[in-house]
Amino acid sequence: MLSRVADSLYWTSRYLERAEHTVRLVDINLGLMLDKSQVSAERRWQRVLAALGHPRDIEWNDDVYALIYTLCFDTTHPASVTACVIAARENARQIREAISTEQWQRLNQLYHHISRLRPSSPSEAPLLEFLPTLIDGVHLFQGVTDTTLSHGEGWQFLQVGRFLERATATTKLLDVYQRDIFANLDDTVDAYEYLEWIGLLRTCTAFEAYCKVYTADLTYERILGFLLLDPEFPHSIRYSVDRLHQSLDCIQRESRGPQAAELMRVSGKLQASLGYGQISEILAQDPARYLRRILEQCRHIHDLVYEVYIQYSVQTALAM
Amino acid sequence: MSTTLSRGEFDNPLLREYFLDQAFDEMFAADGSIRPHYAALLKVLSTLPREELQRRKQSADVSFLMQGITFTVYGREEGTERIFPYDLIPRLVTGEEWDVIERGLTQRITALNFFLHDVYHEGKILAQGVIPREIVYSCQHFRRQMRGLQVPRNVYVAVAGTDLLRLKSGEYVVLEDNLRVPSGVSYMLTNRRIMKRSLPHLFHNYGVRPIEHYTQALLSTLRSIAPEGRSEPSIVLLTPGVYNSAYFEHTYLARQMGVELVEGRDLVIHDNVVYMRTTGGLKRVDVIYRRVDDDFIDPLAFRSDSILGAAGLFNAYRAGNVTLANAFGTGVADDKALYAYVPAIIRYYLGEEPIINNVETYLMTDKSQRQHTLQNLDKLVVKAVGESGGYGMLIGPHSSAEDREEFRRRIEVNPRNYIAQPTLDFSRSPCLLEDGSIEPRHVDLRPYILFGDKVTIVPGGLTRVALRKGSLVVNSSQGGGSKDTWVLG
């Protein structure tokens, strides 16, 4: 497969995953704002911005709807949801021969639909329609991707983009909550705090899945353990990294050429650390540091994917 | 000076607005009687309810849109995607007509390849004065870098798309040879697929010759010109990228041939060998079917500001490590001034008379021909020699006095850059209008010619239609559309 095609596939799914995550984060926090809360609007939306990794040039200006407008619709900000969808479509457009017609049509439809919804001013933002439309659109794209595209190298690159983005986003989210809420925990947890915890779980679509394992009994340790280490829940960091490692392994076997040993070592090490990790152990040491290590490793994996498959130097390739 | 149709057809409500004049009509003879091979077609069109025809047209349109067979209208923020206008009534070509066309085009492509080899080697035809040296050396598409370079099988033009017109007499003539990067073949192929779905029984009953093997023939043509010693050549299609108006065609052909679609940035040239960057490392490339113009293909050899090509490609080509189809410098043979000499080229290399004639052409470098042209600008068509796609053209009868003044000035400043031809009343073919009625519109025909170890011309081609009433311009950039071409028997 051409390196350029792999690159575009990787970013197509990465951007879509990012758009979906941003929308859910906005949606949940918009809902939480309606309840009486001890969290000020400023603190809440600062937290959202931090969870998104402080997108450049987007600041809290004491206006919730202006911020939401920027995060969802403002195409001058590359981090906005609409900009992410445009970027995903542009990437897919350049590899039309590498993806299925159904994939292209779904993505195209999503793009045209949300373009129509773009409001002229923040106060008119049709959020009630926008937020579910986007999430449905991304799910449909993932569905047709799984059913219409051969699960070969190209499909694996789509998985790499998706799960690397998901692992990164979930880790950032946990990191923010860890610093903002869990670090200052009292012994008693009141109703307000419960609400925030439910918000965290729902941002990862994890509330129902959590309840099935632990019932609605929410504790800090279990929430963190579930989102970090659960082997079966698709939004947990461990699950994402498992899938990421699997896909990298398939790509390595299929493409055969380059030396992916270092890449496989780094992703394998991360997988093992999550697979054999215990939440009590992580909490006993330094959970914030543990999360930051995961982020660093994700970044390193991204760099290595580029080095091995996409932007390798001609000299190394010729030497092989 | 229009003739009405013979009584039987005149009553046909579909044809109420149909008209005949001096131009050759594909469906009706001059006396208003129907040409025999069109009778069955007209009968079916007349018996189908109007709504049914329009329904089939609409479903054909939707099919084009869904397959993404669109072009982008520039100038708006996000670009609007439109489908190419498409006409549901096929253009019919009899077997006898086609056999002449096929022989004529084979003769022409063979002679032009001889000519290109000669011009870039000994230059005998120039030495013997059959063609003036100035015409060749002043051509903007002449590539001195090609001098003395040996190309595999001496194939310079592997893919050509020659535009034919039909004159009053019914004779086919060549309007221009497109020998650089001709496009449109994907429309020929998709038109056929949609036509088979729209009028299946009619198609079957006509016994139309198939064209579907074009992509296979293209692939084997490309394979036949691979560098020596590369028995399993790796073939790629080089596209300028997603912003090119023919991008759909590039993805289509790559998919149909099963070859990699590459952009310049995917290619790496090392030690005069071309590689593409893949996830499995660098992979050698042997044949490049390039859809990028000469000027843009290698910033080291040609335009240094190009970002569409690959640096060092020309040297790899010179070294014989990669074949390009078409070769560099083929544009010298489809220069519009050189075009006037093609009959002489055929006689010189093949010792035969041309089977298909040229359109009469006046060279502005010749004093008397120039004077004749300047006196008759309102009757002639003036074309810039290096342009294509209907740009840089003056159509005398449809021009304003200012336009003519402008062209007079340009011709006088740079006579080598222009030629003139009579305004041709070329043939018309029946077309289905928005309201469901049928009227004649001007058409041309572009068959696609493949030249490798043998010559392959799939029977048919792209019939382009000037959809606006009275218009003579068939180019898609200027309001043209297309229709399927059925070669019978």
# chains A, B, ... in the order shown; residues from 1 in each chain; ligands from 1
$ interface_residues --of "chain A" --to "chain B" --cutoff "9 Å" --atoms "only C-alpha atoms" --output "ChimeraX atom specification"
/A:1-6,93-98,101,105,251-252,254-258,308-312,314,317-318,320
$ write_last_selection --atoms "C-alpha atoms" --output "compact mmCIF listing (two decimals), in the first residue's frame"
# COMPACT_ATOMS: atom_id res chain seq x y z
CA MET A 1 0.00 0.00 0.00
CA LEU A 2 1.23 3.48 -0.83
CA SER A 3 2.47 5.38 2.21
CA ARG A 4 0.34 8.35 1.26
CA VAL A 5 -2.78 6.19 1.21
CA ALA A 6 -1.93 4.73 4.63
CA ARG A 93 -11.39 12.17 -1.08
CA GLN A 94 -7.74 11.74 -1.95
CA ILE A 95 -7.92 7.97 -1.65
CA ARG A 96 -11.25 7.30 -3.30
CA GLU A 97 -9.83 4.22 -5.01
CA ALA A 98 -8.70 2.79 -1.66
CA THR A 101 -18.12 3.51 -2.28
CA GLN A 105 -21.08 8.05 0.53
CA ILE A 251 0.23 -4.42 9.34
CA GLN A 252 3.72 -5.56 10.25
CA GLU A 254 1.30 -7.89 5.82
CA SER A 255 3.75 -5.24 4.68
CA ARG A 256 6.78 -7.35 5.54
CA GLY A 257 9.32 -4.84 4.26
CA PRO A 258 10.40 -2.39 6.93
CA VAL A 308 8.36 3.01 9.80
CA TYR A 309 5.53 3.23 7.27
CA ILE A 310 5.00 6.76 6.06
CA GLN A 311 7.88 9.19 6.26
CA TYR A 312 10.84 6.88 6.32
CA VAL A 314 14.98 6.99 1.41
CA ALA A 317 14.67 2.15 2.82
CA LEU A 318 17.35 1.57 0.20
CA MET A 320 17.18 -2.69 3.52
$ select_by_dssp --residues "range 18-245 of chain A" --states "alpha helix (DSSP H)" --output "PyMOL selection string"
chain A and resi 18-34+41-51+64-73+81-93+101-117+127-148+153-180+191-203+207-214+220-229+237-245
$ residues_around --residues "Lys383 in chain B" --least-positions-apart "2" --cutoff "6 Å" --atoms "only C-alpha atoms" --output "JSON, numbers by chain"
{"B": [393, 418, 419]}
$ write_last_selection --atoms "C-alpha atoms" --output "compact mmCIF listing (two decimals), in the first residue's frame"
# COMPACT_ATOMS: atom_id res chain seq x y z
CA MET B 393 -10.48 30.23 -30.13
CA TYR B 418 -2.42 30.71 -34.99
CA ILE B 419 -4.16 28.74 -37.70
$ atom_distance --atom1 "CA of Arg238 in chain A" --atom2 "CA of Leu274 in chain A"
5.6 Å
$ residues_around --residues "range 348-362 of chain B" --least-positions-apart "4" --cutoff "7 Å" --atoms "only C-alpha atoms" --output "list of chain:residue names"
B:Gly104, B:Ala111, B:Phe114, B:Tyr172, B:Val173, B:Val174, B:Leu175, B:Ala340, B:Pro343, B:Ala344, B:Gln369, B:Ile419, B:Ala420, B:Gln421
$ residues_around --residues "Ser306 in chain B" --least-positions-apart "6" --cutoff "10 Å" --atoms "only C-alpha atoms" --output "list in words"
Gly264, Asp295, Phe296, Ile297, Asp298, Pro299 and Leu300 of chain B
$ residues_around --residues "range 145-157 of chain B" --least-positions-apart "3" --cutoff "8 Å" --atoms "only C-alpha atoms" --output "PyMOL selection string"
chain B and resi 109+113+116-117+120-121+160+179-180+225-228+318+320+323+325-330+451-453
$ atom_distance --atom1 "CA of Thr168 in chain A" --atom2 "CA of Asp249 in chain A"
19.5 Å
$ select_by_dssp --residues "range 145-272 of chain B" --states "strand (DSSP E)" --output "PyMOL selection string"
chain B and resi 159-166+172-178+235-238+260-262+267-270
$ closest_residue --among "A:Tyr69, A:Tyr220, A:Trp11, A:Trp45" --to "Arg89 in chain A" --atoms "only C-alpha atoms"
A:Trp11
$ decode --residues "range 186-232 of chain A" --atoms "N, CA and C atoms" --output "compact mmCIF listing (two decimals), in the first residue's frame"
# COMPACT_ATOMS: atom_id res chain seq x y z
N ASP A 186 -12.85 14.21 49.43
CA ASP A 186 -13.15 14.02 50.85
C ASP A 186 -13.57 12.58 51.07
N ASP A 187 -13.84 12.28 52.33
CA ASP A 187 -14.28 10.91 52.60
C ASP A 187 -15.71 10.68 52.13
N THR A 188 -16.52 11.71 52.29
CA THR A 188 -17.91 11.55 51.89
C THR A 188 -18.12 12.12 50.48
N VAL A 189 -18.92 11.39 49.72
CA VAL A 189 -19.20 11.85 48.36
C VAL A 189 -20.65 12.29 48.32
N ASP A 190 -20.88 13.54 47.90
CA ASP A 190 -22.26 14.01 47.90
C ASP A 190 -22.89 13.88 46.50
N ALA A 191 -24.17 14.28 46.43
CA ALA A 191 -24.95 14.10 45.20
C ALA A 191 -24.33 14.86 44.02
N TYR A 192 -23.76 16.03 44.31
CA TYR A 192 -23.17 16.83 43.24
C TYR A 192 -21.99 16.09 42.62
N GLU A 193 -21.19 15.52 43.48
CA GLU A 193 -20.03 14.82 42.96
C GLU A 193 -20.41 13.59 42.16
N TYR A 194 -21.44 12.90 42.65
CA TYR A 194 -21.93 11.74 41.89
C TYR A 194 -22.26 12.13 40.45
N LEU A 195 -22.93 13.27 40.34
CA LEU A 195 -23.32 13.75 39.02
C LEU A 195 -22.10 13.91 38.10
N GLU A 196 -21.04 14.47 38.66
CA GLU A 196 -19.84 14.66 37.85
C GLU A 196 -19.24 13.32 37.44
N TRP A 197 -19.29 12.38 38.37
CA TRP A 197 -18.70 11.07 38.06
C TRP A 197 -19.50 10.36 36.96
N ILE A 198 -20.82 10.50 37.08
CA ILE A 198 -21.65 9.91 36.02
C ILE A 198 -21.31 10.57 34.69
N GLY A 199 -21.08 11.90 34.76
CA GLY A 199 -20.70 12.64 33.54
C GLY A 199 -19.44 12.08 32.91
N LEU A 200 -18.46 11.78 33.75
CA LEU A 200 -17.21 11.22 33.23
C LEU A 200 -17.47 9.89 32.53
N LEU A 201 -18.25 9.04 33.20
CA LEU A 201 -18.53 7.73 32.59
C LEU A 201 -19.29 7.89 31.29
N ARG A 202 -20.25 8.80 31.27
CA ARG A 202 -21.07 8.94 30.07
C ARG A 202 -20.28 9.55 28.91
N THR A 203 -19.30 10.39 29.23
CA THR A 203 -18.46 10.93 28.18
C THR A 203 -17.76 9.79 27.43
N CYS A 204 -17.51 8.69 28.14
CA CYS A 204 -16.90 7.53 27.48
C CYS A 204 -17.95 6.48 27.15
N THR A 205 -19.22 6.86 27.11
CA THR A 205 -20.35 5.92 26.92
C THR A 205 -20.23 4.71 27.84
N ALA A 206 -19.72 4.95 29.07
CA ALA A 206 -19.35 3.81 29.91
C ALA A 206 -20.30 3.59 31.07
N PHE A 207 -21.31 4.45 31.24
CA PHE A 207 -22.12 4.36 32.45
C PHE A 207 -22.82 3.00 32.56
N GLU A 208 -23.51 2.62 31.50
CA GLU A 208 -24.26 1.35 31.54
C GLU A 208 -23.31 0.16 31.67
N ALA A 209 -22.24 0.22 30.93
CA ALA A 209 -21.29 -0.89 30.98
C ALA A 209 -20.68 -1.01 32.37
N TYR A 210 -20.43 0.12 33.00
CA TYR A 210 -19.89 0.13 34.37
C TYR A 210 -20.88 -0.51 35.33
N CYS A 211 -22.14 -0.08 35.20
CA CYS A 211 -23.16 -0.60 36.12
C CYS A 211 -23.30 -2.11 36.01
N LYS A 212 -23.14 -2.64 34.79
CA LYS A 212 -23.26 -4.08 34.62
C LYS A 212 -22.18 -4.82 35.41
N VAL A 213 -21.04 -4.18 35.55
CA VAL A 213 -19.96 -4.84 36.28
C VAL A 213 -20.05 -4.55 37.78
N TYR A 214 -20.27 -3.27 38.14
CA TYR A 214 -20.16 -2.88 39.55
C TYR A 214 -21.47 -2.40 40.16
N THR A 215 -22.57 -2.48 39.46
CA THR A 215 -23.84 -1.81 39.82
C THR A 215 -23.62 -0.30 39.89
N ALA A 216 -24.65 0.42 40.23
CA ALA A 216 -24.56 1.88 40.21
C ALA A 216 -23.76 2.44 41.38
N ASP A 217 -23.11 1.58 42.07
CA ASP A 217 -22.29 1.99 43.21
C ASP A 217 -20.99 2.58 42.68
N LEU A 218 -20.90 3.92 42.71
CA LEU A 218 -19.75 4.56 42.09
C LEU A 218 -18.64 4.81 43.11
N THR A 219 -17.46 4.30 42.84
CA THR A 219 -16.31 4.71 43.65
C THR A 219 -15.19 5.14 42.71
N TYR A 220 -14.41 5.99 43.25
CA TYR A 220 -13.29 6.56 42.51
C TYR A 220 -12.39 5.46 41.95
N GLU A 221 -12.07 4.53 42.82
CA GLU A 221 -11.15 3.47 42.44
C GLU A 221 -11.70 2.63 41.29
N ARG A 222 -12.99 2.30 41.39
CA ARG A 222 -13.59 1.45 40.37
C ARG A 222 -13.72 2.18 39.02
N ILE A 223 -14.13 3.46 39.10
CA ILE A 223 -14.28 4.22 37.85
C ILE A 223 -12.95 4.28 37.12
N LEU A 224 -11.94 4.66 37.85
CA LEU A 224 -10.63 4.77 37.24
C LEU A 224 -10.17 3.41 36.72
N GLY A 225 -10.39 2.38 37.53
CA GLY A 225 -10.01 1.03 37.13
C GLY A 225 -10.74 0.60 35.88
N PHE A 226 -12.02 0.90 35.82
CA PHE A 226 -12.82 0.48 34.69
C PHE A 226 -12.37 1.16 33.39
N LEU A 227 -12.22 2.48 33.45
CA LEU A 227 -11.87 3.21 32.23
C LEU A 227 -10.43 2.94 31.79
N LEU A 228 -9.59 2.63 32.77
CA LEU A 228 -8.19 2.35 32.41
C LEU A 228 -7.99 0.91 31.95
N LEU A 229 -8.50 -0.04 32.73
CA LEU A 229 -8.01 -1.42 32.62
C LEU A 229 -9.03 -2.45 32.17
N ASP A 230 -10.29 -2.05 31.94
CA ASP A 230 -11.25 -3.08 31.57
C ASP A 230 -10.88 -3.68 30.22
N PRO A 231 -10.83 -5.02 30.14
CA PRO A 231 -10.37 -5.64 28.90
C PRO A 231 -11.44 -5.72 27.82
N GLU A 232 -12.71 -5.49 28.19
CA GLU A 232 -13.78 -5.74 27.23
C GLU A 232 -14.53 -4.50 26.78
